[in-house]
Structures are given as structure tokens and as C-alpha cells.
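What follows is one structure encoded as C-alpha cells, with my remarks underneath.
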Amino acid sequence: MHEETRINSTLWTELDNTPATTINPPLYRGSTVLFKNYAEMCEVDHHQFSGITYGTDRLPTQRQFEEAMRRLEGAALTRICPSGIDAIRTALMTFLKAGDHLIVCDNVYMTGQHFCSTVLKKFGVETTAVPANIAGDIEKYIRPNTAAILLESPGSITMELQDIPAVCAVAKKHGIVTLIDNTWATPLYLDPFTLGVDVTIHSLTKYICGYSDVLAGTVSTNAEHAETLDEFYKTMEIYTPAEDCSLALRGLHTLEVRLSRHAESALQIARWLETHSLVENVLHPALESHPEHQLWKRDFTGAAGLFAFTLKKDCSEEDLGTFIDHLQLFHLGYSWGGYKSLLTAAKVNRQTNSRYAGKTIIRLNIGLENVDDLQQDLEAGLAQLQEL
Ligand SMILES: *Cc1c(COP(=O)(O)O)cnc(C)c1O
């Protein structure tokens, strides 16, 4: 027998499995999980086995991240998904069924809203969009079959905040599940569970992973809804690659230092933009000029590094291009939360009345570059517009 053909029969048993102790836990990749003996395998058939049975049964790498995130959020249960949008879909499918009505704030992540108006609709769930700065007045949108309310505060483009405790109080009264996409604030700057929210959603792709090279998301619940999520997640056998779970766990260790730097730089640039002669509004909740600044002060302990602004002049796309293409440090691309500063610009298109209707929103992801360099870059870019 050639040596290479014996690789599976000999090498595998000869490998030294003595663990070394590394700071970060080892990565578990696997589809098949081995049972110690036949009795254990039989327990699976009798639904009595308490161990891990298969790769989709949440291997240790996945469980370690979920447990760390669960503790950080103060949740009863956390489950990881292969992207933020998958976490949104998973959360909604967990708590909705045919015949239900869903209320979605109009500034919720657009792809999530699209899922509601297409796929959920196809499966018999009706969705109503409500103003992005909704508060206790959400009650007037509630129907007898309203089962869930999806919030995102602040919305990641136009930055409106909802009055979260007021919405949750109304929802509780009607037995409605409340969900919030907490990607912007992360668990560090907003604790939705203490404000009465039942379910949180995070795109880990942003600050938690932090390097623009992983897609992942989480759904977490309070004790009341933990079993429902656990059952749905198990049934769907949602699988997130071990590498991504491990990178998300690694990201948690530096989240606080990265986020505080993002936050500090963003606030400096936001304050400076407010004084710029071409700028109309700066959409940043930590600024006193933000319409929901008082809500932010009451509920949040920090402001992340993503915000937006509008210009006084109604610029053509060509004029905007003159400004944007002049920038050296701000790159053009979707997503945010990474070390690289990014810019997007688009007109908002909402289903309800928006205070920024028809306005071009220029959104900045403030990265970890030197903040004075970033400010100079924007200053030089805006100077191009001034000359037009
Ligand atoms: C990016 C984003 C998502 C989706 O996350 P992905 O990981 O890119 O799928 C969801 N919610 C918000 C607020 C986001 O910014």
C-alpha cells in the first residue's frame, strides 16, 4: 500500500491532539461530530443526548462568541447568523406568522424593509411603515393582529431616534413583541433590554468585527422570548462559519477602544461641519441641534462614528462628484464600522413624511485615521464646491 493512501487510516490517529493553551480559543470546524460510543448515538434518536451532534448544532467556537455577546448585551439568549440581514430575517420569521401585522420604523435598514414588503408579504404578513421618530403615538397604527414592531434608533442614514421606552410601553400593553436593530450603538452605547425591548439585532459586520472583512449578525432575546428563538434557530439549522465566529469574538475584545476613538473623531468632525458655510444640517444625535438629542441623552451612553450631513445648495450629481472625488482619505463604499473612513451619498426615499425628503444625505463612516487629516480632507473637498 502506498504511504499516501494510508493517510486516512494512520495519520489521523497519530496526530498529536495535546492542546496548547493559546489566548484566543481554538477554532472548531466540523460537519461530523463523533460520539464516544453507540449508546450516545442512540440518545440522539431518543432526543436525550445533551451534547453536540452535528456542525449545525453550534460548535464550541460559535458558542463561545454567543456567550460573550449574550453577557455583553445582558440578554437571555444570543444566536449568531451569517450576516446582519440574515439576523433581521431570522428575528422576523421567529416572531411572525401568516395573518400577522408588522410595524416597521421608516428608517430601518432598507434591505430589511424590502424583505418585509416582498417575502413576508408573500407568506401572509402585512407591514406598515411608521415615521422614523415615532413615540407613544405608535398606538394609532396598532391593529388587533399586530404581532411585532421593528425599530432602528438611530436609523443608519438619516439618524432619527425613536422614543424606545414609550414604544415598548405601548407594545407591552398590547402583547406585541418589540425588536430593535442596535448595530449603530452596539451593546456598549445602548442597552435596549433595560428600556423594555424584547429582541435585539446586530450586524456584527460593522463595529464588532471592525475590519470590513466579515459578514455576520446576531439575534438576542430577553428571558420571555428565549425559547421561541432557540427553537426557530434549531429548526432552521442556521450556520455561521467558525472563522467568522472567531473573528467576531476577537473583535469584542477591542470594541471599546475602537468605538471610543470612532466616536471622538466623529463628534469633532460633526461639530466642525456644523460651522461650515456650505453645510445645512449635521445629522448626529450627540449634537444639541439634533431634533431627538434629548432622547439620545436620556437613553444612550455614547454616539458611534457614523453620521451624515446635508448641504444648503441643491447640488447636481456632477457637482457632488467634484467634492467627493477630490477626497483622498474618504473612500466610496457601502457598509461601515471599520477602520477606513467611507462616504456614501444618496437622496432619501421614505414611505412616510421625512424631514429630509428629497435631500441628498452625505453619510460618513469616520474611521481610525488621524482626525485632523480627515477634517482637512473634507475641508479641501468642500472647497471644490465653494468654487463652483
Ligand atoms: C449593514 C446593516 C445591516 C445588515 O448587515 P449585513 O451584515 O451587511 O448583512 C443591518 N442593519 C444595519 C443598521 C446595518 O447598517
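As shown in the C-alpha cells, the chain order sets the letters A, B, ...; within each chain, residues go from 1, and ligands are also counted from 1 in the order they appear.
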Which residues, written as a PDB file with C-alpha atoms, in the first residue's frame, have at least one atom at most 6 Å from A:Thr200, with only C-alpha atoms counted and residues fewer than 4 positions away on the same chain left out?
ATOM      1  CA  LEU A 179     -37.313  44.235  18.134  1.00  0.00           C
ATOM      2  CA  ILE A 180     -34.509  46.731  17.641  1.00  0.00           C
ATOM      3  CA  ASP A 181     -31.597  46.828  15.236  1.00  0.00           C
ATOM      4  CA  VAL A 219     -30.332  37.951  17.366  1.00  0.00           C
ATOM      5  CA  SER A 220     -30.693  38.138  21.159  1.00  0.00           C
TER       6      SER A 220
END
Within 9 Å of ligand 1, which residues of chain A show up? Give each one with its shortest atom-to-atom distance in Å (one decimal) and the two atoms involved, counting only C-alpha atoms and all ligand atoms, rows by chain then rising residue number, as a Markdown table.
| residue | atom | partner | partner_atom_place_in_ligand_line | distance |
| --- | --- | --- | --- | --- |
| A:Pro82 | CA | ligand 1 | 7 (O) | 7.7 |
| A:Ser83 | CA | ligand 1 | 7 (O) | 4.0 |
| A:Gly84 | CA | ligand 1 | 5 (O) | 3.3 |
| A:Ile85 | CA | ligand 1 | 9 (O) | 3.8 |
| A:Asp86 | CA | ligand 1 | 9 (O) | 6.4 |
| A:Ala87 | CA | ligand 1 | 9 (O) | 7.8 |
| A:Ile88 | CA | ligand 1 | 10 (C) | 7.1 |
| A:Val108 | CA | ligand 1 | 13 (C) | 7.0 |
| A:Tyr109 | CA | ligand 1 | 11 (N) | 5.1 |
| A:Met110 | CA | ligand 1 | 11 (N) | 8.4 |
| A:Thr111 | CA | ligand 1 | 4 (C) | 7.7 |
| A:Gly112 | CA | ligand 1 | 10 (C) | 7.3 |
| A:Glu152 | CA | ligand 1 | 13 (C) | 6.9 |
| A:Ser153 | CA | ligand 1 | 13 (C) | 8.8 |
| A:Pro154 | CA | ligand 1 | 13 (C) | 8.7 |
| A:Gly155 | CA | ligand 1 | 13 (C) | 6.7 |
| A:Ser156 | CA | ligand 1 | 13 (C) | 5.4 |
| A:Ile157 | CA | ligand 1 | 15 (O) | 8.6 |
| A:Asp181 | CA | ligand 1 | 13 (C) | 6.0 |
| A:Asn182 | CA | ligand 1 | 13 (C) | 7.0 |
| A:Thr183 | CA | ligand 1 | 13 (C) | 5.2 |
| A:Trp184 | CA | ligand 1 | 13 (C) | 6.3 |
| A:Ile201 | CA | ligand 1 | 11 (N) | 7.8 |
| A:His202 | CA | ligand 1 | 11 (N) | 6.7 |
| A:Ser203 | CA | ligand 1 | 5 (O) | 4.4 |
| A:Leu204 | CA | ligand 1 | 7 (O) | 6.2 |
| A:Thr205 | CA | ligand 1 | 7 (O) | 4.7 |
| A:Lys206 | CA | ligand 1 | 1 (C) | 6.7 |
| A:Val214 | CA | ligand 1 | 7 (O) | 8.0 |
| A:Leu215 | CA | ligand 1 | 7 (O) | 4.7 |
| A:Ala216 | CA | ligand 1 | 7 (O) | 5.1 |
| A:Gly217 | CA | ligand 1 | 7 (O) | 5.8 |
| A:Tyr334 | CA | ligand 1 | 1 (C) | 8.3 |
| A:Ser335 | CA | ligand 1 | 1 (C) | 5.5 |
| A:Trp336 | CA | ligand 1 | 15 (O) | 7.1 |
| A:Gly337 | CA | ligand 1 | 15 (O) | 8.7 |
> Where does DSSP see strand (DSSP E or B) in stretch 138-272 of chain A, if you list the residues as an MDAnalysis selection string?
Replying inline: chainID A and resid 146:152 177:181 199:203 217:221
> Hey, which of A:Arg363, A:Asp244, A:Gly124, A:Asp325 ends up closest to A:Val282? Count only C-alpha atoms.
Replying inline: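 Selected residue with least distance to A:Val282: A:Arg363.
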Write out as a PDB file with C-alpha atoms, in the first residue's frame which residues come within 10 Å of A:Arg271 when counting only C-alpha atoms, dropping same-chain ones fewer than 3 positions away.
ATOM      1  CA  ALA A 266     -16.830  61.665  14.560  1.00  0.00           C
ATOM      2  CA  LEU A 267     -18.012  64.208  17.107  1.00  0.00           C
ATOM      3  CA  GLN A 268     -15.080  66.514  16.341  1.00  0.00           C
ATOM      4  CA  GLU A 274     -21.846  72.412  11.721  1.00  0.00           C
ATOM      5  CA  THR A 275     -19.796  75.581  11.426  1.00  0.00           C
ATOM      6  CA  HIS A 276     -19.097  75.138   7.688  1.00  0.00           C
ATOM      7  CA  VAL A 282     -25.449  67.725  10.550  1.00  0.00           C
ATOM      8  CA  HIS A 284     -25.568  63.407  14.605  1.00  0.00           C
ATOM      9  CA  ALA A 286     -24.919  63.930  20.171  1.00  0.00           C
ATOM     10  CA  LEU A 287     -25.240  67.438  18.689  1.00  0.00           C
TER      11      LEU A 287
END
> Which one is closest to A:Asp230: A:Leu150, A:Val257, A:Lys347, A:Phe95? Count only C-alpha atoms.
Replying inline: A:Phe95
> Can you list, as a list in words, every protein, DNA or RNA residue that comes within 6 Å of stretch 61-72 of chain A when you count only C-alpha atoms, leaving out same-chain residues fewer than 5 positions away?
Replying inline: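 Non-adjacent residues within range: Leu27, Tyr28, Thr78, Arg79, Cys245 and Leu249 of chain A.
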Write the residues you've just listed into a file as an mmCIF file, in the first residue's frame, and include all heavy atoms for each of them.
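Output (again-v1.cif):
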data_model
loop_
_atom_site.group_PDB
_atom_site.id
_atom_site.type_symbol
_atom_site.label_atom_id
_atom_site.label_comp_id
_atom_site.auth_asym_id
_atom_site.auth_seq_id
_atom_site.Cartn_x
_atom_site.Cartn_y
_atom_site.Cartn_z
ATOM 1 N N LEU A 27 -10.136 27.113 17.011
ATOM 2 C CA LEU A 27 -11.278 27.130 16.099
ATOM 3 C C LEU A 27 -11.813 25.723 15.884
ATOM 4 O O LEU A 27 -11.032 24.823 15.559
ATOM 5 C CB LEU A 27 -10.772 27.648 14.760
ATOM 6 C CG LEU A 27 -11.565 28.746 14.109
ATOM 7 C CD1 LEU A 27 -11.094 30.065 14.674
ATOM 8 C CD2 LEU A 27 -11.334 28.700 12.621
ATOM 9 N N TYR A 28 -13.081 25.538 16.061
ATOM 10 C CA TYR A 28 -13.705 24.247 15.750
ATOM 11 C C TYR A 28 -14.406 24.340 14.416
ATOM 12 O O TYR A 28 -15.383 25.049 14.281
ATOM 13 C CB TYR A 28 -14.729 23.873 16.818
ATOM 14 C CG TYR A 28 -14.120 23.330 18.086
ATOM 15 C CD1 TYR A 28 -13.606 24.184 19.043
ATOM 16 C CD2 TYR A 28 -14.068 21.962 18.305
ATOM 17 C CE1 TYR A 28 -13.052 23.691 20.215
ATOM 18 C CE2 TYR A 28 -13.517 21.458 19.474
ATOM 19 C CZ TYR A 28 -13.011 22.325 20.421
ATOM 20 O OH TYR A 28 -12.464 21.832 21.572
ATOM 21 N N THR A 78 -28.488 34.423 22.896
ATOM 22 C CA THR A 78 -27.923 35.063 21.698
ATOM 23 C C THR A 78 -27.606 33.996 20.669
ATOM 24 O O THR A 78 -27.058 32.943 21.011
ATOM 25 C CB THR A 78 -26.632 35.836 22.048
ATOM 26 O OG1 THR A 78 -26.951 36.888 22.954
ATOM 27 C CG2 THR A 78 -25.988 36.436 20.800
ATOM 28 N N ARG A 79 -27.966 34.266 19.416
ATOM 29 C CA ARG A 79 -27.624 33.349 18.335
ATOM 30 C C ARG A 79 -26.983 34.127 17.202
ATOM 31 O O ARG A 79 -27.433 35.213 16.854
ATOM 32 C CB ARG A 79 -28.886 32.628 17.811
ATOM 33 C CG ARG A 79 -29.472 31.629 18.812
ATOM 34 C CD ARG A 79 -28.549 30.429 19.004
ATOM 35 N NE ARG A 79 -29.075 29.474 19.960
ATOM 36 C CZ ARG A 79 -28.722 29.405 21.253
ATOM 37 N NH1 ARG A 79 -27.838 30.256 21.742
ATOM 38 N NH2 ARG A 79 -29.242 28.500 22.045
ATOM 39 N N CYS A 245 -17.164 33.384 13.431
ATOM 40 C CA CYS A 245 -17.476 33.418 14.873
ATOM 41 C C CYS A 245 -16.232 33.825 15.659
ATOM 42 O O CYS A 245 -16.296 34.623 16.593
ATOM 43 C CB CYS A 245 -17.953 32.046 15.352
ATOM 44 S SG CYS A 245 -19.463 31.487 14.558
ATOM 45 N N LEU A 249 -15.606 37.166 17.926
ATOM 46 C CA LEU A 249 -15.177 37.108 19.332
ATOM 47 C C LEU A 249 -13.926 37.965 19.543
ATOM 48 O O LEU A 249 -13.836 38.739 20.501
ATOM 49 C CB LEU A 249 -14.898 35.649 19.739
ATOM 50 C CG LEU A 249 -14.448 35.432 21.182
ATOM 51 C CD1 LEU A 249 -15.511 35.900 22.164
ATOM 52 C CD2 LEU A 249 -14.127 33.959 21.438
#
> Of the candidates A:Pro25, A:Gly251, A:Gly99, A:Gly321, which shows the shortest atom-to-atom distance to A:Tyr207, using only C-alpha atoms?
Replying inline: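 Of A:Pro25, A:Gly251, A:Gly99, A:Gly321, the one nearest A:Tyr207, counting only C-alpha atoms, is A:Gly251.
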